[in-house]
>>> print(open('entry18.cif').read())   # mmCIF, C-alpha atoms
data_coords
loop_
_atom_site.group_PDB
_atom_site.id
_atom_site.type_symbol
_atom_site.label_atom_id
_atom_site.label_comp_id
_atom_site.auth_asym_id
_atom_site.auth_seq_id
_atom_site.Cartn_x
_atom_site.Cartn_y
_atom_site.Cartn_z
ATOM 1 C CA MET A 14 29.718 -2.838 -24.162
ATOM 2 C CA PRO A 15 25.957 -2.410 -24.745
ATOM 3 C CA VAL A 16 24.601 0.810 -26.228
ATOM 4 C CA VAL A 17 21.604 0.932 -23.885
ATOM 5 C CA SER A 18 20.721 -0.675 -20.573
ATOM 6 C CA VAL A 19 17.016 -1.452 -20.113
ATOM 7 C CA ILE A 20 15.926 -1.813 -16.496
ATOM 8 C CA VAL A 21 12.800 -3.814 -15.689
ATOM 9 C CA PRO A 22 11.689 -3.836 -12.045
ATOM 10 C CA THR A 23 9.187 -6.569 -11.331
ATOM 11 C CA TYR A 24 7.194 -8.005 -8.443
ATOM 12 C CA ASN A 25 5.064 -11.137 -8.821
ATOM 13 C CA ARG A 26 4.337 -10.710 -12.523
ATOM 14 C CA ALA A 27 5.757 -13.936 -13.880
ATOM 15 C CA HIS A 28 2.585 -14.431 -15.934
ATOM 16 C CA LEU A 29 3.113 -11.151 -17.811
ATOM 17 C CA LEU A 30 6.887 -10.911 -17.864
ATOM 18 C CA PRO A 31 7.763 -13.173 -20.849
ATOM 19 C CA ALA A 32 5.765 -11.110 -23.346
ATOM 20 C CA SER A 33 6.994 -7.874 -21.823
ATOM 21 C CA LEU A 34 10.662 -8.887 -22.032
ATOM 22 C CA ALA A 35 10.250 -10.297 -25.546
ATOM 23 C CA SER A 36 8.925 -6.942 -26.731
ATOM 24 C CA VAL A 37 12.130 -5.239 -25.552
ATOM 25 C CA LEU A 38 14.454 -7.926 -26.885
ATOM 26 C CA ALA A 39 12.848 -7.561 -30.322
ATOM 27 C CA GLU A 40 14.544 -4.170 -30.703
ATOM 28 C CA ASP A 41 17.431 -4.245 -33.203
ATOM 29 C CA VAL A 42 20.028 -2.641 -30.943
ATOM 30 C CA ASP A 43 22.945 -3.753 -28.776
ATOM 31 C CA LEU A 44 21.246 -3.812 -25.392
ATOM 32 C CA GLU A 45 21.470 -5.352 -21.970
ATOM 33 C CA LEU A 46 18.217 -6.174 -20.195
ATOM 34 C CA ILE A 47 18.374 -6.012 -16.411
ATOM 35 C CA VAL A 48 15.435 -7.572 -14.593
ATOM 36 C CA VAL A 49 15.323 -6.526 -10.939
ATOM 37 C CA ASP A 50 13.249 -9.095 -9.053
ATOM 38 C CA ASP A 51 11.907 -7.128 -6.089
ATOM 39 C CA GLY A 52 11.290 -10.083 -3.781
ATOM 40 C CA SER A 53 8.816 -11.985 -5.963
ATOM 41 C CA SER A 54 7.329 -15.225 -4.648
ATOM 42 C CA ASP A 55 5.897 -16.516 -7.930
ATOM 43 C CA GLY A 56 9.003 -18.042 -9.485
ATOM 44 C CA THR A 57 9.997 -14.932 -11.436
ATOM 45 C CA ALA A 58 13.754 -15.467 -11.103
ATOM 46 C CA GLU A 59 13.551 -19.097 -12.225
ATOM 47 C CA MET A 60 11.327 -18.194 -15.163
ATOM 48 C CA VAL A 61 13.737 -15.499 -16.362
ATOM 49 C CA ALA A 62 16.764 -17.768 -15.940
ATOM 50 C CA ALA A 63 15.041 -20.415 -18.053
ATOM 51 C CA MET A 64 14.886 -17.983 -20.985
ATOM 52 C CA ARG A 65 18.654 -18.502 -21.542
ATOM 53 C CA GLU A 66 19.001 -15.085 -23.123
ATOM 54 C CA PRO A 67 22.623 -13.816 -23.047
ATOM 55 C CA ARG A 68 21.546 -10.185 -23.068
ATOM 56 C CA LEU A 69 19.458 -10.652 -19.934
ATOM 57 C CA ARG A 70 20.572 -10.444 -16.303
ATOM 58 C CA VAL A 71 18.552 -10.931 -13.126
ATOM 59 C CA ILE A 72 19.144 -9.076 -9.871
ATOM 60 C CA GLU A 73 17.314 -10.588 -6.916
ATOM 61 C CA ARG A 74 16.696 -8.422 -3.863
ATOM 62 C CA PRO A 75 14.319 -8.250 -0.891
ATOM 63 C CA HIS A 76 11.081 -6.439 -1.558
ATOM 64 C CA ALA A 77 11.696 -2.693 -1.181
ATOM 65 C CA GLY A 78 9.478 -1.018 -3.784
ATOM 66 C CA ILE A 79 9.787 0.066 -7.381
ATOM 67 C CA ALA A 80 12.089 3.050 -6.803
ATOM 68 C CA ALA A 81 14.640 0.935 -4.951
ATOM 69 C CA ALA A 82 14.437 -1.716 -7.673
ATOM 70 C CA ARG A 83 15.001 0.865 -10.381
ATOM 71 C CA ASN A 84 17.968 2.297 -8.480
ATOM 72 C CA ALA A 85 19.497 -1.170 -8.189
ATOM 73 C CA GLY A 86 19.146 -1.557 -11.936
ATOM 74 C CA VAL A 87 20.820 1.780 -12.622
ATOM 75 C CA ASP A 88 23.710 0.829 -10.328
ATOM 76 C CA ALA A 89 24.223 -2.400 -12.271
ATOM 77 C CA ALA A 90 23.848 -0.884 -15.748
ATOM 78 C CA ARG A 91 26.888 -0.601 -18.017
ATOM 79 C CA ALA A 92 25.622 1.409 -20.992
ATOM 80 C CA PRO A 93 25.828 5.187 -21.548
ATOM 81 C CA VAL A 94 22.065 5.315 -22.143
ATOM 82 C CA ILE A 95 19.486 4.088 -19.628
ATOM 83 C CA ALA A 96 15.900 3.081 -20.398
ATOM 84 C CA PHE A 97 13.210 1.830 -18.040
ATOM 85 C CA HIS A 98 10.450 -0.642 -18.850
ATOM 86 C CA ASP A 99 7.523 -1.848 -16.748
ATOM 87 C CA SER A 100 7.158 -5.603 -16.408
ATOM 88 C CA ASP A 101 3.488 -5.628 -17.414
ATOM 89 C CA ASP A 102 3.730 -3.301 -20.413
ATOM 90 C CA LEU A 103 4.819 -3.874 -24.003
ATOM 91 C CA ALA A 104 7.545 -2.034 -25.869
ATOM 92 C CA LEU A 105 6.484 -1.060 -29.387
ATOM 93 C CA ALA A 106 8.674 -1.070 -32.490
ATOM 94 C CA GLY A 107 11.343 1.629 -32.371
ATOM 95 C CA ARG A 108 11.013 2.162 -28.632
ATOM 96 C CA LEU A 109 14.837 2.104 -28.313
ATOM 97 C CA THR A 110 16.192 2.582 -31.826
ATOM 98 C CA VAL A 111 14.436 5.898 -32.456
ATOM 99 C CA PRO A 112 15.511 7.753 -29.285
ATOM 100 C CA LEU A 113 19.036 6.353 -29.592
ATOM 101 C CA GLY A 114 19.205 7.931 -33.019
ATOM 102 C CA VAL A 115 18.139 11.256 -31.546
ATOM 103 C CA LEU A 116 20.757 11.052 -28.788
ATOM 104 C CA ARG A 117 23.495 10.252 -31.309
ATOM 105 C CA ALA A 118 22.512 13.194 -33.486
ATOM 106 C CA ARG A 119 21.906 15.581 -30.561
ATOM 107 C CA PRO A 120 24.685 15.333 -27.952
ATOM 108 C CA ASP A 121 23.121 18.315 -26.164
ATOM 109 C CA VAL A 122 19.981 16.286 -25.346
ATOM 110 C CA ASP A 123 19.785 14.428 -22.030
ATOM 111 C CA LEU A 124 16.322 12.898 -22.264
ATOM 112 C CA VAL A 125 14.084 11.671 -25.090
ATOM 113 C CA ILE A 126 10.390 11.324 -24.209
ATOM 114 C CA GLN A 127 8.049 9.370 -26.476
ATOM 115 C CA ASN A 128 4.295 9.001 -26.540
ATOM 116 C CA GLY A 129 2.487 5.770 -25.734
ATOM 117 C CA ARG A 130 -0.791 3.868 -25.999
ATOM 118 C CA MET A 131 -3.045 3.547 -22.963
ATOM 119 C CA LEU A 132 -4.850 0.235 -23.358
ATOM 120 C CA PRO A 133 -8.479 -0.164 -22.212
ATOM 121 C CA PRO A 134 -8.769 -0.870 -18.456
ATOM 122 C CA GLU A 135 -8.951 -4.574 -17.696
ATOM 123 C CA ASP A 136 -12.240 -4.058 -15.857
ATOM 124 C CA ALA A 137 -13.701 -1.894 -18.652
ATOM 125 C CA PRO A 138 -12.683 -3.422 -22.007
ATOM 126 C CA HIS A 139 -15.327 -1.371 -23.808
ATOM 127 C CA VAL A 140 -13.387 1.832 -23.067
ATOM 128 C CA ALA A 141 -11.463 3.076 -26.072
ATOM 129 C CA GLU A 142 -7.690 3.024 -26.227
ATOM 130 C CA THR A 143 -6.173 6.498 -25.932
ATOM 131 C CA PRO A 144 -2.735 8.045 -26.454
ATOM 132 C CA TRP A 145 -0.835 8.832 -23.282
ATOM 133 C CA ILE A 146 -0.379 12.428 -24.437
ATOM 134 C CA PRO A 147 -3.386 13.679 -26.453
ATOM 135 C CA PRO A 148 -2.734 15.189 -29.909
ATOM 136 C CA PRO A 149 -3.153 18.907 -29.028
ATOM 137 C CA VAL A 150 -0.650 18.635 -26.173
ATOM 138 C CA ALA A 151 1.678 16.402 -28.187
ATOM 139 C CA ARG A 152 1.877 18.997 -30.961
ATOM 140 C CA ARG A 153 2.920 21.660 -28.455
ATOM 141 C CA LEU A 154 5.556 19.393 -26.934
ATOM 142 C CA VAL A 155 6.988 18.441 -30.324
ATOM 143 C CA ALA A 156 7.360 22.129 -31.148
ATOM 144 C CA GLY A 157 9.375 22.436 -27.939
ATOM 145 C CA PRO A 158 11.243 23.277 -25.925
ATOM 146 C CA VAL A 159 10.497 20.668 -23.260
ATOM 147 C CA GLY A 160 11.717 21.720 -19.839
ATOM 148 C CA VAL A 161 10.710 21.381 -16.233
ATOM 149 C CA ALA A 162 7.651 23.606 -16.742
ATOM 150 C CA GLU A 163 6.258 21.320 -19.464
ATOM 151 C CA VAL A 164 7.027 18.160 -17.491
ATOM 152 C CA PHE A 165 5.225 19.639 -14.476
ATOM 153 C CA ARG A 166 2.241 20.926 -16.423
ATOM 154 C CA TRP A 167 1.577 17.737 -18.394
ATOM 155 C CA ASN A 168 2.768 15.161 -15.817
ATOM 156 C CA LEU A 169 5.341 13.597 -18.130
ATOM 157 C CA GLY A 170 6.287 10.663 -15.937
ATOM 158 C CA GLN A 171 5.841 7.470 -17.976
ATOM 159 C CA LEU A 172 9.415 6.195 -17.939
ATOM 160 C CA GLN A 173 8.701 3.261 -20.263
ATOM 161 C CA GLY A 174 8.728 5.660 -23.218
ATOM 162 C CA MET A 175 11.953 7.471 -22.282
ATOM 163 C CA CYS A 176 15.704 7.190 -22.743
ATOM 164 C CA PHE A 177 18.110 8.998 -20.388
ATOM 165 C CA THR A 178 21.798 9.678 -20.732
ATOM 166 C CA ARG A 179 23.758 8.230 -17.848
ATOM 167 C CA ARG A 180 25.204 11.664 -17.111
ATOM 168 C CA SER A 181 21.726 13.123 -16.593
ATOM 169 C CA LEU A 182 20.776 10.406 -14.095
ATOM 170 C CA ALA A 183 24.064 10.847 -12.249
ATOM 171 C CA ALA A 184 23.420 14.580 -11.977
ATOM 172 C CA ALA A 185 19.782 14.152 -10.884
ATOM 173 C CA GLY A 186 20.488 11.512 -8.247
ATOM 174 C CA PRO A 187 18.601 8.291 -7.464
ATOM 175 C CA LEU A 188 14.861 7.758 -7.576
ATOM 176 C CA ASP A 189 13.120 8.766 -4.351
ATOM 177 C CA GLY A 190 11.804 5.673 -2.590
ATOM 178 C CA SER A 191 9.551 7.707 -0.310
ATOM 179 C CA PHE A 192 7.064 8.021 -3.197
ATOM 180 C CA ARG A 193 4.641 5.141 -3.750
ATOM 181 C CA ILE A 194 3.699 5.979 -7.320
ATOM 182 C CA LEU A 195 5.299 9.254 -8.441
ATOM 183 C CA ASP A 196 8.989 8.406 -8.135
ATOM 184 C CA ASP A 197 9.059 8.395 -11.949
ATOM 185 C CA LEU A 198 7.672 11.928 -12.366
ATOM 186 C CA ASP A 199 9.944 13.174 -9.583
ATOM 187 C CA LEU A 200 12.952 11.834 -11.498
ATOM 188 C CA VAL A 201 11.894 13.379 -14.818
ATOM 189 C CA LEU A 202 11.337 16.764 -13.154
ATOM 190 C CA ARG A 203 14.850 16.688 -11.683
ATOM 191 C CA VAL A 204 16.429 15.661 -14.990
ATOM 192 C CA ALA A 205 14.477 18.325 -16.905
ATOM 193 C CA ALA A 206 15.429 20.976 -14.355
ATOM 194 C CA ALA A 207 19.120 20.454 -15.075
ATOM 195 C CA GLY A 208 19.198 19.251 -18.683
ATOM 196 C CA ARG A 209 17.494 19.305 -22.065
ATOM 197 C CA ALA A 210 14.626 17.070 -23.183
ATOM 198 C CA VAL A 211 12.801 16.482 -26.462
ATOM 199 C CA PHE A 212 9.403 14.910 -27.126
ATOM 200 C CA LEU A 213 8.587 12.554 -30.005
ATOM 201 C CA ASP A 214 4.931 12.008 -30.845
ATOM 202 C CA ARG A 215 5.205 8.327 -31.648
ATOM 203 C CA PRO A 216 3.888 5.398 -29.568
ATOM 204 C CA ALA A 217 6.767 3.620 -27.847
ATOM 205 C CA PHE A 218 4.854 1.532 -25.307
ATOM 206 C CA ALA A 219 1.469 -0.041 -24.633
ATOM 207 C CA TYR A 220 0.341 0.556 -21.056
ATOM 208 C CA ARG A 221 -1.867 -1.901 -19.192
ATOM 209 C CA ARG A 222 -4.355 -0.380 -16.757
ATOM 210 C CA HIS A 223 -5.146 -2.667 -13.827
ATOM 211 C CA PRO A 224 -8.306 -2.298 -11.726
ATOM 212 C CA ALA A 225 -6.438 -2.717 -8.435
ATOM 213 C CA GLY A 226 -3.470 -0.500 -9.322
ATOM 214 C CA VAL A 227 -2.354 2.067 -6.759
ATOM 215 C CA ALA A 228 -2.876 4.813 -9.371
ATOM 216 C CA ARG A 229 -6.637 4.191 -9.023
ATOM 217 C CA ASP A 230 -6.415 5.437 -5.408
ATOM 218 C CA ARG A 231 -7.184 9.069 -6.156
ATOM 219 C CA ALA A 232 -6.502 10.293 -2.613
ATOM 220 C CA THR A 233 -3.019 8.792 -2.686
ATOM 221 C CA VAL A 234 -2.395 10.293 -6.126
ATOM 222 C CA SER A 235 -3.406 13.751 -4.860
ATOM 223 C CA GLU A 236 -1.296 13.462 -1.707
ATOM 224 C CA GLU A 237 1.753 12.352 -3.659
ATOM 225 C CA ALA A 238 1.274 15.054 -6.304
ATOM 226 C CA ILE A 239 1.132 17.736 -3.611
ATOM 227 C CA ARG A 240 4.274 16.436 -1.923
ATOM 228 C CA LEU A 241 6.037 16.111 -5.274
ATOM 229 C CA ALA A 242 5.393 19.745 -6.142
ATOM 230 C CA ASP A 243 6.417 20.924 -2.687
ATOM 231 C CA LYS A 244 9.662 18.976 -3.043
ATOM 232 C CA LEU A 245 10.311 20.540 -6.453
ATOM 233 C CA ALA A 246 9.777 24.029 -5.042
ATOM 234 C CA CYS A 247 12.148 23.315 -2.148
ATOM 235 C CA GLU A 248 14.939 21.703 -4.139
ATOM 236 C CA HIS A 249 14.604 23.663 -7.393
ATOM 237 C CA PRO A 250 13.088 27.106 -6.719
ATOM 238 C CA GLU A 251 14.291 28.182 -10.142
ATOM 239 C CA ALA A 252 11.865 25.649 -11.622
ATOM 240 C CA VAL A 253 8.938 27.381 -9.919
ATOM 241 C CA ALA A 254 10.034 30.645 -11.510
ATOM 242 C CA LEU A 255 9.998 28.944 -14.928
ATOM 243 C CA ILE A 256 6.566 27.449 -14.295
ATOM 244 C CA GLY A 257 5.281 30.766 -12.935
ATOM 245 C CA ARG A 258 4.653 31.255 -9.226
ATOM 246 C CA ARG A 259 0.979 32.024 -9.723
ATOM 247 C CA THR A 260 0.507 29.046 -12.034
ATOM 248 C CA PHE A 261 2.307 26.822 -9.555
ATOM 249 C CA ALA A 262 0.142 28.008 -6.645
ATOM 250 C CA ARG A 263 -3.095 27.505 -8.591
ATOM 251 C CA ARG A 264 -2.011 24.007 -9.618
ATOM 252 C CA GLN A 265 -1.307 23.145 -6.007
ATOM 253 C CA ALA A 266 -4.651 24.612 -4.962
ATOM 254 C CA ARG A 267 -6.468 22.349 -7.426
ATOM 255 C CA ARG A 268 -4.621 19.341 -6.050
ATOM 256 C CA HIS A 269 -5.589 20.228 -2.485
ATOM 257 C CA ALA A 270 -9.201 20.698 -3.620
ATOM 258 C CA ARG A 271 -9.191 17.250 -5.250
ATOM 259 C CA LEU A 272 -7.753 15.794 -2.076
ATOM 260 C CA ALA A 273 -10.526 17.483 -0.078
ATOM 261 C CA ARG A 274 -13.103 15.884 -2.378
ATOM 262 C CA GLU A 275 -11.591 12.417 -1.984
ATOM 263 C CA ARG A 276 -11.345 12.756 1.781
ATOM 264 C CA ALA A 277 -14.952 13.918 1.987
ATOM 265 C CA ARG A 278 -16.081 10.907 -0.023
ATOM 266 C CA ALA A 279 -14.186 8.682 2.407
ATOM 267 C CA GLY A 280 -15.943 10.316 5.378
ATOM 268 C CA ASP A 281 -12.847 12.167 6.598
ATOM 269 C CA ARG A 282 -14.443 15.571 7.218
ATOM 270 C CA PRO A 283 -11.565 17.073 9.271
ATOM 271 C CA GLY A 284 -9.087 16.023 6.594
ATOM 272 C CA ALA A 285 -11.336 17.438 3.878
ATOM 273 C CA ARG A 286 -11.630 20.774 5.696
ATOM 274 C CA ALA A 287 -7.848 20.965 6.165
ATOM 275 C CA ALA A 288 -7.181 20.279 2.481
ATOM 276 C CA LEU A 289 -9.803 22.800 1.405
ATOM 277 C CA ALA A 290 -8.321 25.441 3.718
ATOM 278 C CA ARG A 291 -4.964 24.911 2.049
ATOM 279 C CA ALA A 292 -6.547 25.286 -1.397
ATOM 280 C CA ARG A 293 -8.101 28.607 -0.320
ATOM 281 C CA ALA A 294 -4.780 29.834 1.070
ATOM 282 C CA LEU A 295 -3.001 29.043 -2.204
ATOM 283 C CA ASP A 296 -5.703 30.551 -4.431
ATOM 284 C CA PRO A 297 -7.711 32.987 -2.272
ATOM 285 C CA GLY A 298 -9.399 34.635 -5.226
ATOM 286 C CA ASN A 299 -11.060 31.451 -6.443
ATOM 287 C CA PRO A 300 -14.792 31.659 -5.588
ATOM 288 C CA ARG A 301 -15.208 27.888 -5.913
ATOM 289 C CA TYR A 302 -13.090 27.219 -2.845
ATOM 290 C CA LEU A 303 -14.923 29.890 -0.854
ATOM 291 C CA LEU A 304 -18.285 28.390 -1.809
ATOM 292 C CA GLN A 305 -17.066 24.928 -0.871
ATOM 293 C CA ALA A 306 -15.999 26.225 2.533
ATOM 294 C CA LEU A 307 -19.386 27.872 3.083
ATOM 295 C CA VAL A 308 -21.231 24.714 2.081
ATOM 296 C CA GLY A 309 -19.037 22.678 4.385
ATOM 297 C CA GLN A 310 -17.696 20.149 1.919
ATOM 298 C CA PRO A 311 -16.379 20.002 -1.659
ATOM 299 C CA LEU A 312 -19.066 20.606 -4.262
ATOM 300 C CA GLY A 313 -18.378 17.341 -6.052
ATOM 301 C CA ALA A 314 -18.958 15.316 -2.879
ATOM 302 C CA LEU A 315 -22.054 17.359 -2.017
ATOM 303 C CA TRP A 316 -23.556 16.810 -5.462
ATOM 304 C CA ALA A 317 -22.820 13.073 -5.244
ATOM 305 C CA ALA A 318 -24.612 12.962 -1.876
ATOM 306 C CA VAL A 319 -27.633 14.794 -3.302
ATOM 307 C CA ARG A 320 -27.857 12.415 -6.246
ATOM 308 C CA SER A 321 -27.586 9.371 -3.996
ATOM 309 C CA ARG A 322 -30.654 10.565 -2.078
ATOM 310 C CA GLY A 323 -32.690 10.917 -5.229
#
>>> encode(input="entry18.cif", output="structure tokens")
Amino acid sequence: MPVVSVIVPTYNRAHLLPASLASVLAEDVDLELIVVDDGSSDGTAEMVAAMREPRLRVIERPHAGIAAARNAGVDAARAPVIAFHDSDDLALAGRLTVPLGVLRARPDVDLVIQNGRMLPPEDAPHVAETPWIPPPVARRLVAGPVGVAEVFRWNLGQLQGMCFTRRSLAAAGPLDGSFRILDDLDLVLRVAAAGRAVFLDRPAFAYRRHPAGVARDRATVSEEAIRLADKLACEHPEAVALIGRRTFARRQARRHARLARERARAGDRPGARAALARARALDPGNPRYLLQALVGQPLGALWAAVRSRG
């Protein structure tokens, strides 16, 4: 029986997958590596089978998105500890061995979160590499405790640096396939709402940033973040109390304001006005939102328009 099951959802990344899988298999731990091929058309399944690695299994399924692929991997996993890895990223030394040590020593812990390295964007190689969680925040998280409020505040959703106990995933339920990009953060919020997490300030993964990635679509990110928080408030009202109702409302207001800015830039004035009205309703004392409403569009979009006209 393996100690940890590592689930790797993938879709048409055969050119990146060998290095990604090799970085996980380099870990000195009894693991099983489950590659969930989410309907790839680039020969992914054949490439993985050709590796002839006894610790590796492939699950082939019709294309249904990353959350469904991750859920299929969890269903097939045999180990008491579950880890996720992205098929284009690299696991760094200790990515599995260190959190497994924590979980053995701390049976009260359900989730170990580790830091990571954000590589320069592929379309901007001159940009410096940065840590996923910057040092000032990392120090606060290390000091703990890490609960749903901290996960919500700092958007702790990079699964490729985490290890979950199977019991915590069973209690939280499956990943929500209705999210395009924030199914990971939604899962971590639900696990943190019911269990105990710790943060380790050590790099466990190297994250590739792609120019065409869905996370670059700022309007989609804002829309999903708003829906994520609304879902948390509906399903776990106790979490909102821990975060602070005023803090929660202000955070949501900022997200609606960002969405208004993105919609205005896209020429969607009715959508921008609706998002801005929601921001004002959530944070009525904020003069910025009032000024934006008087001007007729978000200040950031207005300033960009002024600059474009010289």
>>> resolve_selection(input="entry18.cif", expression="the PyMOL selection byres ((chain A and resi 169) around 9)", output="list of chain:residue names")
A:Ile126, A:Ile146, A:Glu163, A:Val164, A:Phe165, A:Arg166, A:Trp167, A:Asn168, A:Gly170, A:Gln171, A:Leu172, A:Asp197, A:Leu198, A:Val201, A:Leu202
>>> resolve_selection(input="entry18.cif", expression="the PyMOL selection byres ((chain A and resi 203-209) around 9)", output="JSON list (two decimals) with C-alpha atoms, in the frame of the given file")
[["chain", "number", "residue", "atom", "x", "y", "z"],
["A", 121, "ASP", "CA", 23.12, 18.32, -26.16],
["A", 122, "VAL", "CA", 19.98, 16.29, -25.35],
["A", 123, "ASP", "CA", 19.78, 14.43, -22.03],
["A", 124, "LEU", "CA", 16.32, 12.90, -22.26],
["A", 125, "VAL", "CA", 14.08, 11.67, -25.09],
["A", 158, "PRO", "CA", 11.24, 23.28, -25.92],
["A", 159, "VAL", "CA", 10.50, 20.67, -23.26],
["A", 160, "GLY", "CA", 11.72, 21.72, -19.84],
["A", 161, "VAL", "CA", 10.71, 21.38, -16.23],
["A", 162, "ALA", "CA", 7.65, 23.61, -16.74],
["A", 164, "VAL", "CA", 7.03, 18.16, -17.49],
["A", 177, "PHE", "CA", 18.11, 9.00, -20.39],
["A", 181, "SER", "CA", 21.73, 13.12, -16.59],
["A", 182, "LEU", "CA", 20.78, 10.41, -14.10],
["A", 184, "ALA", "CA", 23.42, 14.58, -11.98],
["A", 185, "ALA", "CA", 19.78, 14.15, -10.88],
["A", 186, "GLY", "CA", 20.49, 11.51, -8.25],
["A", 198, "LEU", "CA", 7.67, 11.93, -12.37],
["A", 199, "ASP", "CA", 9.94, 13.17, -9.58],
["A", 200, "LEU", "CA", 12.95, 11.83, -11.50],
["A", 201, "VAL", "CA", 11.89, 13.38, -14.82],
["A", 202, "LEU", "CA", 11.34, 16.76, -13.15],
["A", 210, "ALA", "CA", 14.63, 17.07, -23.18],
["A", 211, "VAL", "CA", 12.80, 16.48, -26.46],
["A", 245, "LEU", "CA", 10.31, 20.54, -6.45],
["A", 249, "HIS", "CA", 14.60, 23.66, -7.39],
["A", 251, "GLU", "CA", 14.29, 28.18, -10.14],
["A", 252, "ALA", "CA", 11.86, 25.65, -11.62]]
>>> residues_near_point(input="entry18.cif", point="(-1.2, 15.0, -2.3)", cutoff="10 Å", atoms="all atoms listed in the file", output="list in words")
Arg231, Ala232, Thr233, Val234, Ser235, Glu236, Glu237, Ala238, Ile239, Arg240, Leu241, Ala242, Asp243, Gln265, Arg268, His269, Ala270, Arg271, Leu272, Ala273 and Ala288 of chain A
>>> resolve_selection(input="entry18.cif", expression="the PyMOL selection byres ((chain A and resi 107-114) around 10)", output="PyMOL selection string")
chain A and resi 16-17+19+36-37+39-44+94+96+103-106+115-119+124-129+173-178+211-213+215-218
>>> atom_distance(input="entry18.cif", atom1="atom CA of A:Val21", atom2="atom CA of A:Pro120")
25.7 Å
>>> atom_distance(input="entry18.cif", atom1="atom CA of A:Pro148", atom2="atom CA of A:Arg267")
23.9 Å
>>> atom_distance(input="entry18.cif", atom1="atom CA of A:Ala80", atom2="atom CA of A:Asn25")
16.0 Å
>>> axis_aligned_box(input="entry18.cif", around="stretch 141-150 of chain A", padding_each_side="4 Å", output="AutoDock Vina command-line options")
--center_x -5.9 --center_y 11.0 --center_z -26.6 --size_x 19.1 --size_y 23.9 --size_z 14.6
>>> closest_residue(input="entry18.cif", among="A:Asp214, A:Asp296, A:Glu248, A:Glu45", to="A:Arg263", atoms="all atoms listed in the file")
A:Asp296
>>> residues_around(input="entry18.cif", residues="A:Pro187", least_positions_apart="6", cutoff="10 Å", atoms="all atoms listed in the file", output="ChimeraX atom specification")
/A:80-81,83-85,87-88,196,200
>>> decode(input="entry18.cif", residues="stretch 137-154 of chain A", atoms="C-alpha atoms", output="short mmCIF file (atom, residue, chain, number, x, y, z; two decimals), in the first residue's frame")
data_model
loop_
_atom_site.label_atom_id
_atom_site.label_comp_id
_atom_site.auth_asym_id
_atom_site.auth_seq_id
_atom_site.Cartn_x
_atom_site.Cartn_y
_atom_site.Cartn_z
CA ALA A 137 8.12 38.01 -20.15
CA PRO A 138 11.32 36.10 -19.27
CA HIS A 139 12.91 39.28 -17.94
CA VAL A 140 10.44 39.32 -15.02
CA ALA A 141 12.00 38.09 -11.80
CA GLU A 142 11.00 34.83 -10.19
CA THR A 143 8.95 35.34 -7.03
CA PRO A 144 7.76 33.16 -4.14
CA TRP A 145 4.11 32.17 -4.28
CA ILE A 146 3.60 33.55 -0.77
CA PRO A 147 5.80 36.61 -0.09
CA PRO A 148 8.04 36.57 3.02
CA PRO A 149 5.97 38.90 5.27
CA VAL A 150 2.82 36.84 4.73
CA ALA A 151 4.72 33.55 4.96
CA ARG A 152 6.09 34.51 8.38
CA ARG A 153 2.56 35.17 9.65
CA LEU A 154 1.30 31.87 8.28
#
